[in-house]
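Engineer: Dumping the structure here so I can ask a few things about it.
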Amino acid sequence: MKKAILAMVVMLIAAMASAQEGREIYNKYSGKKGVSAVYISPSMFELMKSIPDMEIDGENVNIGKIIKSLSGMYILDIEDAELAKQLSSDINGMVAKNKYEMLMEAIDEEDVMHIYIVRKGDSVSDFLMIAESEGTVDVICIAGDIPFEDLQELIGAAASE
């Protein structure tokens, strides 16, 4: 019983650490010259829960299910080459520490994009996209408790379009 409780505490700390690292990286770079930053709070997601279904390829898709499961979104766009290099290094360190699973990699000459998730059972707790191109870096970090089935449904609807 003690081992089970200890394992649950460790998992909770790991989930909180990865969300906190995303916030720390956002705080480190936002407000600097050459950096565009956007933060969407849990309160904003609360307001967005009543968004009507979207129509994708003639089918209604409930994006409210996904939105209500989000707890924060951090977006950074860095056009300063030195800061972009630092951010890329910070993100790669975060990915290495937090057991991110790569979903996708796209490479086109000097443009590279990676999409990662952290899965906790039947849900996704973190989504991370990093796009790098000649001295610029764009990062989107989303935290929440997104049911994997809802994410599959949304991706399936978008892919069939």
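Ligands are numbered from 1 in the order shown, chains are lettered A, B, ... in the order of the structure tokens, and residues start at 1 in each chain.
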Taking 2 positions as the minimum chain separation for residues in the same chain, which residues sit within 7 Å of A:Val112 when counting only C-alpha atoms? Answer as a ChimeraX atom specification.
Structural biologist: /A:106-108,110,114,131-133
Engineer: Could you produce a table of the residues of stretch 82-122 of chain A lying within 12 Å of stretch 141-145 of chain A, with the nearest pair of atoms per residue and their separation in Å rounded to one decimal, using only C-alpha atoms, ordered by chain and increasing residue number, as a Markdown table?
Structural biologist:
| residue | atom | partner | partner_atom | distance |
| --- | --- | --- | --- | --- |
| A:Ile91 | CA | A:Cys141 | CA | 10.1 |
| A:Met94 | CA | A:Cys141 | CA | 11.4 |
| A:Val95 | CA | A:Cys141 | CA | 11.4 |
| A:His114 | CA | A:Cys141 | CA | 11.9 |
| A:Ile115 | CA | A:Cys141 | CA | 10.0 |
| A:Tyr116 | CA | A:Cys141 | CA | 9.6 |
| A:Ile117 | CA | A:Ile142 | CA | 9.4 |
| A:Val118 | CA | A:Ala143 | CA | 9.6 |
| A:Arg119 | CA | A:Asp145 | CA | 9.3 |
| A:Lys120 | CA | A:Asp145 | CA | 8.5 |
| A:Gly121 | CA | A:Asp145 | CA | 10.4 |
| A:Asp122 | CA | A:Asp145 | CA | 9.4 |
Engineer: Would you mind telling me which residue in A:Glu21, A:Gly135, A:Leu76, A:Lys85 lies nearest to A:Ser36 when using only C-alpha atoms?
Structural biologist: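 Looking at the shortest contact to A:Ser36, the residue is A:Leu76.
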Engineer: One number please: atom CA of A:Ser89 to atom CA of A:Ser30, in Å, one decimal.
Structural biologist: 16.2 Å
Engineer: Rounded to one decimal in Å, what is the spacing between atom CA of A:Ser125 and atom CA of A:Tyr100?
Structural biologist: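 Straight-line distance from atom CA of A:Ser125 to atom CA of A:Tyr100 works out to 10.2 Å.
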Engineer: How far is it from atom CA of A:Lys99 to atom CA of A:Tyr74, in Å with one decimal?
Structural biologist: 19.2 Å
Engineer: When DSSP works through the backbone of this structure, what residues of stretch 83-139 of chain A end up as strand (DSSP E), shown as a compact mmCIF listing (two decimals) with N, CA and C atoms, in the first residue's frame?
Structural biologist:
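Full text of out-v4.txt as output:
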# COMPACT_ATOMS: atom_id res chain seq x y z
N GLU A 101 6.84 11.74 -25.40
CA GLU A 101 6.79 10.77 -26.49
C GLU A 101 6.65 11.57 -27.79
N MET A 102 7.55 11.34 -28.74
CA MET A 102 7.48 12.07 -29.99
C MET A 102 6.33 11.53 -30.83
N LEU A 103 5.46 12.44 -31.26
CA LEU A 103 4.37 12.07 -32.16
C LEU A 103 4.77 12.28 -33.61
N MET A 104 5.53 13.35 -33.84
CA MET A 104 5.83 13.69 -35.22
C MET A 104 7.12 14.49 -35.31
N GLU A 105 7.82 14.28 -36.40
CA GLU A 105 9.00 15.09 -36.74
C GLU A 105 8.86 15.43 -38.22
N ALA A 106 9.06 16.70 -38.55
CA ALA A 106 9.03 17.14 -39.95
C ALA A 106 10.29 17.96 -40.20
N ILE A 107 11.03 17.59 -41.25
CA ILE A 107 12.27 18.29 -41.59
C ILE A 107 12.19 18.69 -43.05
N ASP A 108 12.43 19.98 -43.28
CA ASP A 108 12.47 20.51 -44.64
C ASP A 108 13.67 21.45 -44.71
N ASP A 111 14.37 23.79 -41.76
CA ASP A 111 13.18 23.89 -40.92
C ASP A 111 12.91 22.54 -40.28
N VAL A 112 12.76 22.55 -38.94
CA VAL A 112 12.52 21.32 -38.20
C VAL A 112 11.36 21.55 -37.23
N MET A 113 10.42 20.60 -37.22
CA MET A 113 9.31 20.67 -36.28
C MET A 113 9.17 19.33 -35.57
N HIS A 114 8.95 19.40 -34.25
CA HIS A 114 8.70 18.21 -33.45
C HIS A 114 7.41 18.42 -32.67
N ILE A 115 6.62 17.37 -32.54
CA ILE A 115 5.44 17.38 -31.69
C ILE A 115 5.58 16.24 -30.69
N TYR A 116 5.43 16.57 -29.42
CA TYR A 116 5.56 15.61 -28.34
C TYR A 116 4.32 15.63 -27.45
N ILE A 117 4.08 14.52 -26.76
CA ILE A 117 3.06 14.47 -25.73
C ILE A 117 3.62 13.73 -24.52
N VAL A 118 2.96 13.93 -23.38
CA VAL A 118 3.19 13.10 -22.20
C VAL A 118 1.86 12.43 -21.93
N ARG A 119 1.87 11.11 -21.96
CA ARG A 119 0.66 10.33 -21.72
C ARG A 119 0.62 9.85 -20.29
N LYS A 120 -0.53 10.02 -19.66
CA LYS A 120 -0.76 9.51 -18.31
C LYS A 120 -1.98 8.61 -18.39
N SER A 123 -5.03 9.43 -20.83
CA SER A 123 -5.13 10.85 -21.16
C SER A 123 -3.75 11.43 -21.47
N VAL A 124 -3.78 12.61 -22.07
CA VAL A 124 -2.56 13.34 -22.40
C VAL A 124 -2.47 14.52 -21.44
N SER A 125 -1.35 14.60 -20.71
CA SER A 125 -1.21 15.69 -19.73
C SER A 125 -0.45 16.88 -20.31
N ASP A 126 0.38 16.65 -21.32
CA ASP A 126 1.16 17.73 -21.91
C ASP A 126 1.28 17.52 -23.41
N PHE A 127 1.22 18.62 -24.13
CA PHE A 127 1.41 18.64 -25.57
C PHE A 127 2.46 19.71 -25.83
N LEU A 128 3.45 19.39 -26.62
CA LEU A 128 4.54 20.33 -26.89
C LEU A 128 4.87 20.30 -28.38
N MET A 129 4.86 21.48 -28.99
CA MET A 129 5.28 21.60 -30.38
C MET A 129 6.40 22.63 -30.44
N ILE A 130 7.48 22.28 -31.10
CA ILE A 130 8.59 23.19 -31.29
C ILE A 130 8.95 23.20 -32.77
N ALA A 131 9.01 24.40 -33.34
CA ALA A 131 9.36 24.57 -34.75
C ALA A 131 10.57 25.50 -34.82
N GLU A 132 11.64 25.01 -35.45
CA GLU A 132 12.88 25.77 -35.55
C GLU A 132 13.21 26.05 -37.01
N SER A 133 13.65 27.29 -37.26
CA SER A 133 14.02 27.67 -38.62
C SER A 133 15.02 28.81 -38.54
N THR A 136 15.17 31.23 -35.67
CA THR A 136 13.89 31.46 -35.00
C THR A 136 13.38 30.16 -34.39
N VAL A 137 12.59 30.30 -33.33
CA VAL A 137 11.97 29.15 -32.69
C VAL A 137 10.55 29.54 -32.29
N ASP A 138 9.60 28.64 -32.57
CA ASP A 138 8.22 28.79 -32.12
C ASP A 138 7.90 27.60 -31.24
N VAL A 139 7.27 27.87 -30.09
CA VAL A 139 6.93 26.81 -29.15
C VAL A 139 5.48 26.97 -28.71
Engineer: Nearest to A:Ala37 among A:Ser69, A:Pro147, A:Gln152, A:Ile25, with distances taken over only C-alpha atoms: which residue is it?
Structural biologist: A:Ile25
